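K.L.:
Sharing model-v6.cif here; it has mmCIF, C-alpha atoms.
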data_protein
loop_
_atom_site.label_atom_id
_atom_site.label_comp_id
_atom_site.auth_asym_id
_atom_site.auth_seq_id
_atom_site.Cartn_x
_atom_site.Cartn_y
_atom_site.Cartn_z
CA MET K 1 -27.01 9.49 -9.46
CA ALA K 2 -26.90 6.44 -11.71
CA VAL K 3 -24.72 3.64 -10.37
CA GLN K 4 -22.51 1.98 -12.98
CA GLN K 5 -21.08 -1.47 -12.36
CA TYR K 6 -18.29 -3.21 -14.26
CA ARG K 7 -17.04 -6.77 -13.96
CA TYR K 8 -13.68 -8.22 -14.87
CA GLY K 9 -13.77 -9.62 -18.36
CA ASP K 10 -16.70 -7.70 -19.78
CA GLY K 11 -14.63 -5.84 -22.34
CA ALA K 12 -12.05 -4.51 -19.88
CA ARG K 13 -8.34 -5.04 -20.28
CA ALA K 14 -6.95 -7.96 -18.31
CA ALA K 15 -5.19 -7.20 -15.06
CA ARG K 16 -1.50 -6.67 -15.60
CA ALA K 17 1.27 -5.92 -13.16
CA LEU K 18 1.09 -5.67 -9.41
CA ALA K 19 4.04 -4.61 -7.33
CA VAL K 20 4.71 -5.09 -3.66
CA ALA K 21 7.75 -3.65 -1.94
CA GLY K 22 8.24 -4.01 1.75
CA VAL K 23 7.48 -2.12 4.91
CA ILE K 24 7.62 -3.77 8.33
CA ALA K 25 7.08 -4.02 11.99
CA VAL K 26 3.57 -3.18 13.03
CA THR K 27 0.48 -1.74 11.31
CA ALA K 28 0.28 1.75 9.83
CA GLY K 29 -1.24 5.21 9.62
CA CYS K 30 -3.82 7.54 8.15
CA VAL K 31 -4.06 10.08 5.45
CA GLY K 32 -3.85 13.78 5.01
CA GLY K 33 -4.65 16.04 2.12
CA ASP K 34 -2.77 17.83 -0.57
CA GLY K 35 -3.46 20.17 -3.37
CA GLY K 36 -0.76 19.62 -5.97
CA SER K 37 -3.12 18.89 -8.86
CA GLY K 38 -0.66 20.09 -11.49
CA ASP K 39 -1.19 22.68 -14.21
CA GLY K 40 -3.89 20.69 -15.97
CA SER K 41 -1.76 19.85 -19.00
CA GLY K 42 -2.14 16.33 -20.29
CA GLN K 43 -5.33 15.63 -18.41
CA ARG K 44 -6.99 12.42 -19.53
CA ALA K 45 -10.69 13.15 -18.96
CA VAL K 46 -10.80 10.33 -16.44
CA ALA K 47 -14.55 10.59 -16.01
CA ALA K 48 -15.06 9.58 -19.64
CA GLU K 49 -12.93 6.43 -19.42
CA ARG K 50 -14.06 2.97 -18.41
CA PRO K 51 -13.46 2.47 -14.66
CA LEU K 52 -11.59 -0.80 -15.18
CA ASP K 53 -9.26 0.92 -17.64
CA VAL K 54 -8.67 3.85 -15.27
CA LEU K 55 -7.84 1.55 -12.35
CA GLY K 56 -5.69 -0.72 -14.50
CA GLN K 57 -3.55 2.24 -15.55
CA ALA K 58 -3.24 3.85 -12.10
CA ALA K 59 0.17 2.33 -11.31
CA ASP K 60 1.54 3.36 -14.72
CA VAL K 61 0.37 6.93 -14.22
CA LEU K 62 2.09 7.07 -10.83
CA ALA K 63 5.31 5.71 -12.32
CA ARG K 64 5.28 8.55 -14.84
CA ALA K 65 4.64 11.04 -12.04
CA GLY K 66 7.80 9.90 -10.23
CA GLY K 67 7.96 10.91 -6.59
CA ALA K 68 5.19 11.77 -4.15
CA GLU K 69 4.60 12.37 -0.48
CA ALA K 70 2.59 9.70 1.32
CA ARG K 71 0.62 9.25 4.51
CA THR K 72 -0.58 5.86 5.62
CA SER K 73 -2.76 4.32 8.25
CA MET K 74 -3.33 0.68 9.11
CA GLU K 75 -6.12 -0.28 11.46
CA THR K 76 -6.30 -3.82 12.83
CA ALA K 77 -9.44 -5.17 14.47
CA ALA K 78 -9.47 -8.56 16.23
CA GLY K 79 -11.58 -9.78 19.13
CA GLY K 80 -12.92 -6.34 19.92
CA THR K 81 -9.43 -4.78 20.01
CA ARG K 82 -8.60 -2.03 17.53
CA VAL K 83 -5.08 -0.72 16.90
CA THR K 84 -4.03 1.96 14.41
CA ILE K 85 -0.48 2.61 13.19
CA ARG K 86 0.39 5.69 11.17
CA GLY K 87 3.18 6.50 8.78
CA GLN K 88 4.47 9.38 6.70
CA GLY K 89 7.23 9.83 4.13
CA THR K 90 8.04 9.87 0.43
CA TYR K 91 7.93 7.28 -2.33
CA ASP K 92 9.51 7.02 -5.79
CA PHE K 93 7.05 5.19 -8.03
CA ARG K 94 9.45 5.10 -10.95
CA ASN K 95 12.06 3.08 -9.03
CA GLN K 96 9.65 1.57 -6.49
CA VAL K 97 11.59 2.67 -3.42
CA GLY K 98 10.48 4.76 -0.47
CA ARG K 99 11.23 5.95 3.03
CA LEU K 100 8.56 6.14 5.73
CA LYS K 101 8.50 6.97 9.43
CA VAL K 102 6.05 4.69 11.23
CA MET K 103 4.54 5.64 14.57
CA LEU K 104 3.40 2.92 16.97
CA PRO K 105 0.58 3.56 19.42
CA THR K 106 1.51 3.11 23.07
CA ASP K 107 -0.52 -0.05 23.52
CA ALA K 108 1.03 -1.67 20.45
CA ALA K 109 4.60 -0.85 21.47
CA GLY K 110 4.08 -1.87 25.07
CA ALA K 111 5.86 1.20 26.39
CA ASP K 112 5.45 4.96 26.42
CA GLY K 113 7.58 7.08 24.16
CA HIS K 114 8.55 4.39 21.66
CA ARG K 115 10.67 5.92 18.94
CA PRO K 116 9.34 5.98 15.38
CA ILE K 117 10.45 3.08 13.21
CA THR K 118 12.17 4.08 9.97
CA GLU K 119 11.20 1.82 7.09
CA LEU K 120 12.84 1.64 3.68
CA LEU K 121 10.78 0.04 0.94
CA ALA K 122 12.28 -1.74 -2.03
CA PRO K 123 11.09 -4.49 -4.40
CA GLY K 124 11.07 -7.75 -2.44
CA ALA K 125 12.58 -6.27 0.71
CA LEU K 126 11.74 -4.22 3.77
CA TYR K 127 14.38 -2.52 5.94
CA MET K 128 13.60 -1.30 9.46
CA LYS K 129 15.57 0.81 11.94
CA ASN K 130 14.67 1.34 15.61
CA ARG K 131 13.00 -2.03 15.42
CA GLY K 132 13.66 -2.76 19.09
CA ALA K 133 13.44 -6.41 20.23
CA GLY K 134 17.16 -6.57 20.93
CA VAL K 135 18.31 -5.00 17.66
CA PRO K 136 21.16 -2.48 18.18
CA ASP K 137 20.19 1.13 17.56
CA ASP K 138 22.66 1.53 14.69
CA LYS K 139 21.54 -1.58 12.80
CA TRP K 140 18.84 -2.28 10.25
CA VAL K 141 16.65 -5.35 10.01
CA ARG K 142 16.08 -6.68 6.50
CA ILE K 143 12.95 -8.69 5.72
CA ASP K 144 12.52 -10.80 2.60
CA THR K 145 8.92 -9.96 1.72
CA THR K 146 8.56 -13.04 -0.49
CA ALA K 147 8.99 -15.17 2.66
CA LEU K 148 6.11 -13.50 4.52
CA LYS K 149 2.69 -15.13 4.45
CA ASP K 150 1.09 -11.82 3.54
CA GLY K 151 3.83 -10.68 1.18
CA ASN K 152 4.20 -7.75 3.58
CA LEU K 153 0.96 -6.14 2.52
CA VAL K 154 0.18 -5.70 6.23
CA THR K 155 3.09 -7.08 8.28
CA GLY K 156 5.11 -3.88 8.22
CA GLY K 157 2.25 -1.65 9.29
CA VAL K 158 2.24 -0.01 5.86
CA THR K 159 1.09 -1.28 2.50
CA ASP K 160 3.78 -0.42 -0.02
CA PRO K 161 2.40 2.49 -2.12
CA MET K 162 3.19 0.84 -5.45
CA ALA K 163 1.63 -2.43 -4.29
CA ALA K 164 -1.49 -0.53 -3.24
CA ALA K 165 -1.74 1.01 -6.71
CA GLU K 166 -1.03 -2.20 -8.59
CA LEU K 167 -3.56 -4.18 -6.57
CA LEU K 168 -6.13 -2.17 -8.51
CA ARG K 169 -5.08 -4.07 -11.64
CA GLY K 170 -6.78 -7.09 -10.09
CA ALA K 171 -10.15 -5.31 -9.85
CA GLY K 172 -12.95 -7.58 -11.07
CA ASP K 173 -16.07 -5.79 -9.87
CA VAL K 174 -16.13 -1.99 -9.89
CA THR K 175 -18.77 0.64 -9.18
CA TYR K 176 -18.22 4.28 -10.12
CA ALA K 177 -19.42 6.15 -7.04
CA GLY K 178 -19.20 9.63 -8.51
CA LYS K 179 -17.13 12.80 -8.25
CA SER K 180 -16.11 14.55 -5.04
CA GLU K 181 -13.38 16.75 -3.60
CA LEU K 182 -10.36 15.62 -1.61
CA ALA K 183 -8.15 18.28 -0.03
CA GLY K 184 -9.20 20.79 -2.67
CA VAL K 185 -8.67 18.40 -5.59
CA THR K 186 -11.47 16.98 -7.74
CA VAL K 187 -11.39 13.18 -7.55
CA HIS K 188 -13.37 10.29 -8.99
CA HIS K 189 -14.41 7.61 -6.52
CA TYR K 190 -14.35 3.93 -7.51
CA ARG K 191 -15.51 1.13 -5.25
CA GLY K 192 -14.79 -2.52 -6.00
CA VAL K 193 -13.08 -5.79 -5.17
CA ALA K 194 -9.55 -6.81 -6.19
CA ASP K 195 -8.53 -10.45 -6.51
CA LEU K 196 -5.14 -11.26 -4.92
CA ASP K 197 -4.50 -14.35 -7.01
CA ARG K 198 -5.23 -12.53 -10.27
CA ALA K 199 -2.99 -9.68 -9.17
CA ALA K 200 -0.16 -12.09 -8.34
CA ARG K 201 -0.38 -13.77 -11.74
CA ALA K 202 -0.23 -10.38 -13.44
CA ALA K 203 2.61 -9.06 -11.29
CA SER K 204 5.92 -7.82 -12.61
CA PRO K 205 8.86 -10.21 -12.03
CA GLN K 206 10.26 -8.19 -9.12
CA SER K 207 6.90 -8.26 -7.36
CA ARG K 208 5.53 -11.67 -8.22
CA GLY K 209 7.09 -13.55 -5.30
CA ALA K 210 5.69 -11.30 -2.59
CA LEU K 211 2.24 -11.10 -4.18
CA SER K 212 2.09 -14.84 -4.67
CA ALA K 213 2.83 -15.24 -0.96
CA ALA K 214 0.00 -12.82 -0.16
CA ALA K 215 -2.41 -14.70 -2.41
CA LYS K 216 -1.68 -17.89 -0.46
CA GLY K 217 -1.54 -16.33 3.00
CA PHE K 218 -4.80 -14.41 3.26
CA SER K 219 -7.98 -16.29 4.13
CA LYS K 220 -9.80 -14.44 1.34
CA ASP K 221 -8.52 -13.61 -2.14
CA ALA K 222 -11.11 -10.87 -2.43
CA VAL K 223 -9.88 -7.46 -1.22
CA PRO K 224 -12.58 -4.75 -1.15
CA PHE K 225 -11.29 -1.26 -1.94
CA ASP K 226 -12.24 2.38 -2.36
CA ALA K 227 -10.01 4.34 -4.75
CA TYR K 228 -9.98 8.06 -5.52
CA LEU K 229 -8.22 9.30 -8.67
CA ASP K 230 -7.77 12.87 -9.86
CA GLU K 231 -8.52 14.22 -13.34
CA GLU K 232 -5.08 13.14 -14.56
CA GLY K 233 -5.60 9.55 -13.43
CA ARG K 234 -3.26 9.83 -10.46
CA LEU K 235 -4.23 7.81 -7.41
CA ARG K 236 -4.86 10.23 -4.55
CA LYS K 237 -6.32 7.91 -1.95
CA VAL K 238 -6.99 4.20 -1.69
CA ARG K 239 -8.35 2.06 1.11
CA HIS K 240 -8.02 -1.74 1.11
CA ARG K 241 -9.68 -4.19 3.50
CA PHE K 242 -7.64 -7.35 4.06
CA SER K 243 -8.86 -10.43 5.92
CA PHE K 244 -6.87 -13.33 7.35
CA ALA K 245 -7.05 -15.88 10.15
CA SER K 246 -4.97 -15.31 13.29
CA GLU K 247 -2.68 -18.06 14.51
CA GLY K 248 -3.03 -20.02 17.74
CA PRO K 249 -5.55 -22.42 19.31
CA GLU K 250 -8.32 -19.82 19.18
CA ALA K 251 -7.89 -18.58 15.64
CA LYS K 252 -10.05 -15.59 14.79
CA GLU K 253 -10.79 -13.64 11.65
CA VAL K 254 -8.64 -10.50 11.59
CA THR K 255 -9.55 -7.48 9.48
CA VAL K 256 -6.92 -4.93 8.49
CA VAL K 257 -7.93 -1.67 6.84
CA SER K 258 -4.98 -0.05 5.06
CA THR K 259 -5.29 3.53 3.81
CA LEU K 260 -2.86 5.43 1.60
CA LEU K 261 -2.96 9.14 0.76
CA LEU K 262 -0.70 10.59 -1.96
CA TYR K 263 0.10 14.26 -2.53
CA GLY K 264 2.98 16.59 -3.41
CA PHE K 265 3.62 14.89 -6.75
CA GLY K 266 7.00 15.61 -8.28
CA VAL K 267 8.84 15.83 -4.96
CA PRO K 268 12.43 14.51 -5.20
CA VAL K 269 12.91 11.20 -3.39
CA THR K 270 16.30 9.87 -2.31
CA VAL K 271 16.56 6.41 -0.75
CA THR K 272 19.89 4.78 0.08
CA LEU K 273 19.61 1.14 1.09
CA PRO K 274 21.85 -0.06 3.96
CA ASP K 275 25.17 -1.78 3.32
CA ASP K 276 25.50 -5.41 4.36
CA ASP K 277 27.61 -4.36 7.37
CA ASP K 278 24.74 -2.23 8.65
CA ILE K 279 22.20 -5.07 8.66
CA TYR K 280 21.56 -6.98 11.90
CA THR K 281 21.95 -10.75 11.55
CA GLY K 282 21.41 -11.78 15.16
CA GLU K 283 18.30 -13.12 16.85
CA ILE K 284 15.30 -10.85 17.28
CA ARG K 285 13.39 -11.26 20.53
CA GLN K 286 9.75 -12.23 20.22
CA GLY K 287 6.93 -10.72 22.25
#
Represent the structure from my file as structure tokens, please.
P.N.:
Amino acid sequence: MAVQQYRYGDGARAARALAVAGVIAVTAGCVGGDGGSGDGSGQRAVAAERPLDVLGQAADVLARAGGAEARTSMETAAGGTRVTIRGQGTYDFRNQVGRLKVMLPTDAAGADGHRPITELLAPGALYMKNRGAGVPDDKWVRIDTTALKDGNLVTGGVTDPMAAAELLRGAGDVTYAGKSELAGVTVHHYRGVADLDRAARAASPQSRGALSAAAKGFSKDAVPFDAYLDEEGRLRKVRHRFSFASEGPEAKEVTVVSTLLLYGFGVPVTVTLPDDDDIYTGEIRQG
């Protein structure tokens, strides 16, 4: 198989918008499969398009698709310790809101039988319920994602699905790795590197603050990725590899691998954000 490589700027359209909407608390889950490839109408002959164009349009295609089911995984490796957090739920790409249930592993939660954390994603904000750490069971915690060093690309244990798609707009070096099958659906595999700073500059207004924070907070602007798109240009699976330095006297390089799987396109998604009275404003215990 011939390997084709493409670099940012050699005839490709400039990176445009990147969106990040929150998800919090830990580090999140893996992927499953789905058929749901549609009836074939309106297919774009993805294989014939330039990879940088296909990736640059991925977020737009998802927005047109509307809702989808999502599974996530986030694996953190530091100092020989590896922790994986998994999530599952639905996401509305048109309105950039979603609802996910995030499962913490026993060693990450520090106790057996920790309840799943419910996370609501919205532009610039992450809401969590069952957060623990002294938060009442009936209250939500709201996080301003523009105030997080990573823009909440990893803090919440889930990379917001729209942010994951729009990060591909910052791709500057792409290899087309060929065609394969994912859960019964034909997909095209692209491997490359996205630039966080470029993505932040190209971000939509509602996403720019969080992405700018991420561009400043990570130790490396370069984010390697593997992306799998179906024949209609819909993102089916994407894996990003983030790197940053841990805090403390013995700072170490931390690698976080975030994986998103999308399926069940067209599913209705209803997300109601908490009222102000339902948001916890007290102190959250650390550790």
K.L.:
How many Å separate CA of Leu261 in chain K from CA of Arg71 in chain K?
P.N.:
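Computed distance, CA of Leu261 in chain K to CA of Arg71 in chain K, equals 5.2 Å.
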K.L.:
Find the distance between CA of Arg86 in chain K and CA of Trp140 in chain K and write it in Å to one decimal.
P.N.:
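The value is 20.1 Å.
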K.L.:
Between K:Val154, K:Ala227, K:Val256, K:Leu52, which has the minimum distance to Glu75 in chain K (counting all atoms listed in the file)?
P.N.:
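With all atoms listed in the file as the atom set, the closest residue is K:Val256.
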K.L.:
Using all atoms listed in the file, can you tell me which of K:Val254, K:Leu126, K:Leu235, K:Ala203 comes closest to Ala147 in chain K?
P.N.:
K:Leu126
K.L.:
Could the residues of range 110-174 of chain K that have an atom at most 7 Å from range 57-68 of chain K be listed as a tab-separated table, each with its closest atom pair and the distance in Å to one decimal, counting only C-alpha atoms and ordered by chain and ascending residue number?
P.N.:
residue	atom	partner	partner_atom	distance
K:Met162	CA	K:Ala59	CA	6.8
K:Ala165	CA	K:Ala59	CA	5.2
K:Glu166	CA	K:Ala59	CA	5.4
K.L.:
I'd like to see the residues matched by the PyMOL selection byres ((chain K and resi 229) around 9) on this file, and ideally I'd get them as a list in words.
P.N.:
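With the PyMOL selection byres ((chain K and resi 229) around 9) on this model, the match is Val46, Val54, Leu55, Ala58, Thr186, Val187, His188, His189, Tyr190, Ala227, Tyr228, Asp230, Glu231, Glu232, Gly233, Arg234, Leu235, Arg236, Lys237 and Val238 of chain K.
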K.L.:
Residues within 12 Å of Gln88 in chain K, please, as JSON, numbers by chain. Count only C-alpha atoms; anything in the same chain fewer than 5 positions from it doesn't count.
P.N.:
{"K": [28, 29, 30, 31, 32, 68, 69, 70, 71, 72, 73, 74, 98, 99, 100, 101, 102, 103, 116, 117, 118, 119, 120, 157, 158, 159, 160, 161, 259, 260, 261, 262, 263]}
K.L.:
The PyMOL selection byres ((chain K and resi 197) around 12) - which residues does that actually catch in the file I just gave you? List them as a PDB file with C-alpha atoms, keeping the file's coordinate frame.
P.N.:
ATOM      1  CA  ALA K  15      -5.190  -7.200 -15.060  1.00  0.00           C
ATOM      2  CA  ARG K  16      -1.500  -6.670 -15.600  1.00  0.00           C
ATOM      3  CA  ALA K  17       1.270  -5.920 -13.160  1.00  0.00           C
ATOM      4  CA  LEU K  18       1.090  -5.670  -9.410  1.00  0.00           C
ATOM      5  CA  LEU K 167      -3.560  -4.180  -6.570  1.00  0.00           C
ATOM      6  CA  ARG K 169      -5.080  -4.070 -11.640  1.00  0.00           C
ATOM      7  CA  GLY K 170      -6.780  -7.090 -10.090  1.00  0.00           C
ATOM      8  CA  ALA K 171     -10.150  -5.310  -9.850  1.00  0.00           C
ATOM      9  CA  GLY K 172     -12.950  -7.580 -11.070  1.00  0.00           C
ATOM     10  CA  ALA K 194      -9.550  -6.810  -6.190  1.00  0.00           C
ATOM     11  CA  ASP K 195      -8.530 -10.450  -6.510  1.00  0.00           C
ATOM     12  CA  LEU K 196      -5.140 -11.260  -4.920  1.00  0.00           C
ATOM     13  CA  ARG K 198      -5.230 -12.530 -10.270  1.00  0.00           C
ATOM     14  CA  ALA K 199      -2.990  -9.680  -9.170  1.00  0.00           C
ATOM     15  CA  ALA K 200      -0.160 -12.090  -8.340  1.00  0.00           C
ATOM     16  CA  ARG K 201      -0.380 -13.770 -11.740  1.00  0.00           C
ATOM     17  CA  ALA K 202      -0.230 -10.380 -13.440  1.00  0.00           C
ATOM     18  CA  ALA K 203       2.610  -9.060 -11.290  1.00  0.00           C
ATOM     19  CA  ARG K 208       5.530 -11.670  -8.220  1.00  0.00           C
ATOM     20  CA  GLY K 209       7.090 -13.550  -5.300  1.00  0.00           C
ATOM     21  CA  ALA K 210       5.690 -11.300  -2.590  1.00  0.00           C
ATOM     22  CA  LEU K 211       2.240 -11.100  -4.180  1.00  0.00           C
ATOM     23  CA  SER K 212       2.090 -14.840  -4.670  1.00  0.00           C
ATOM     24  CA  ALA K 213       2.830 -15.240  -0.960  1.00  0.00           C
ATOM     25  CA  ALA K 214       0.000 -12.820  -0.160  1.00  0.00           C
ATOM     26  CA  ALA K 215      -2.410 -14.700  -2.410  1.00  0.00           C
ATOM     27  CA  LYS K 216      -1.680 -17.890  -0.460  1.00  0.00           C
ATOM     28  CA  GLY K 217      -1.540 -16.330   3.000  1.00  0.00           C
ATOM     29  CA  PHE K 218      -4.800 -14.410   3.260  1.00  0.00           C
ATOM     30  CA  SER K 219      -7.980 -16.290   4.130  1.00  0.00           C
ATOM     31  CA  LYS K 220      -9.800 -14.440   1.340  1.00  0.00           C
ATOM     32  CA  ASP K 221      -8.520 -13.610  -2.140  1.00  0.00           C
ATOM     33  CA  ALA K 222     -11.110 -10.870  -2.430  1.00  0.00           C
ATOM     34  CA  VAL K 223      -9.880  -7.460  -1.220  1.00  0.00           C
TER      35      VAL K 223
END
K.L.:
So how far away is CA of Met128 in chain K from CA of Gly156 in chain K, in Å?
P.N.:
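We find that CA of Gly156 in chain K and CA of Met128 in chain K lie 9.0 Å from each other.
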K.L.:
Taking 3 positions as the minimum chain separation for residues in the same chain, which residues sit within 7 Å of Phe225 in chain K when counting only C-alpha atoms? Answer as a list in words.
P.N.:
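Those residues are Arg191, Gly192, Val193, Val238, Arg239, His240 and Arg241 of chain K.
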K.L.:
Could you dump the residues just selected with C-alpha atoms as a PDB file, keeping the file's coordinate frame?
P.N.:
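selection_21.pdb written:
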ATOM      1  CA  ARG K 191     -15.510   1.130  -5.250  1.00  0.00           C
ATOM      2  CA  GLY K 192     -14.790  -2.520  -6.000  1.00  0.00           C
ATOM      3  CA  VAL K 193     -13.080  -5.790  -5.170  1.00  0.00           C
ATOM      4  CA  VAL K 238      -6.990   4.200  -1.690  1.00  0.00           C
ATOM      5  CA  ARG K 239      -8.350   2.060   1.110  1.00  0.00           C
ATOM      6  CA  HIS K 240      -8.020  -1.740   1.110  1.00  0.00           C
ATOM      7  CA  ARG K 241      -9.680  -4.190   3.500  1.00  0.00           C
TER       8      ARG K 241
END
K.L.:
K:Pro105, K:Gly178, K:Gly282, K:Gly89: which is nearest Ala133 in chain K, counting only C-alpha atoms?
P.N.:
K:Gly282
K.L.:
What's around Arg142 in chain K at 9 Å? Count only C-alpha atoms, leave out sequence neighbours fewer than 6 positions away in its own chain, and write the answer as a list of chain:residue names.
P.N.:
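Selected residues are K:Ala125, K:Leu126, K:Tyr127, K:Met128, K:Ile279, K:Tyr280, K:Thr281.
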K.L.:
Given the file above and the PyMOL selection byres ((chain K and resi 243) around 6), which residues are selected, and can you give them as a list in words?
P.N.:
Phe242, Phe244, Val254 and Thr255 of chain K
K.L.:
Which one is closest to Asp277 in chain K: K:Val141, K:Ala77, K:Val83, K:Leu104? Count all atoms listed in the file.
P.N.:
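Closest residue, counting all atoms listed in the file: K:Val141.
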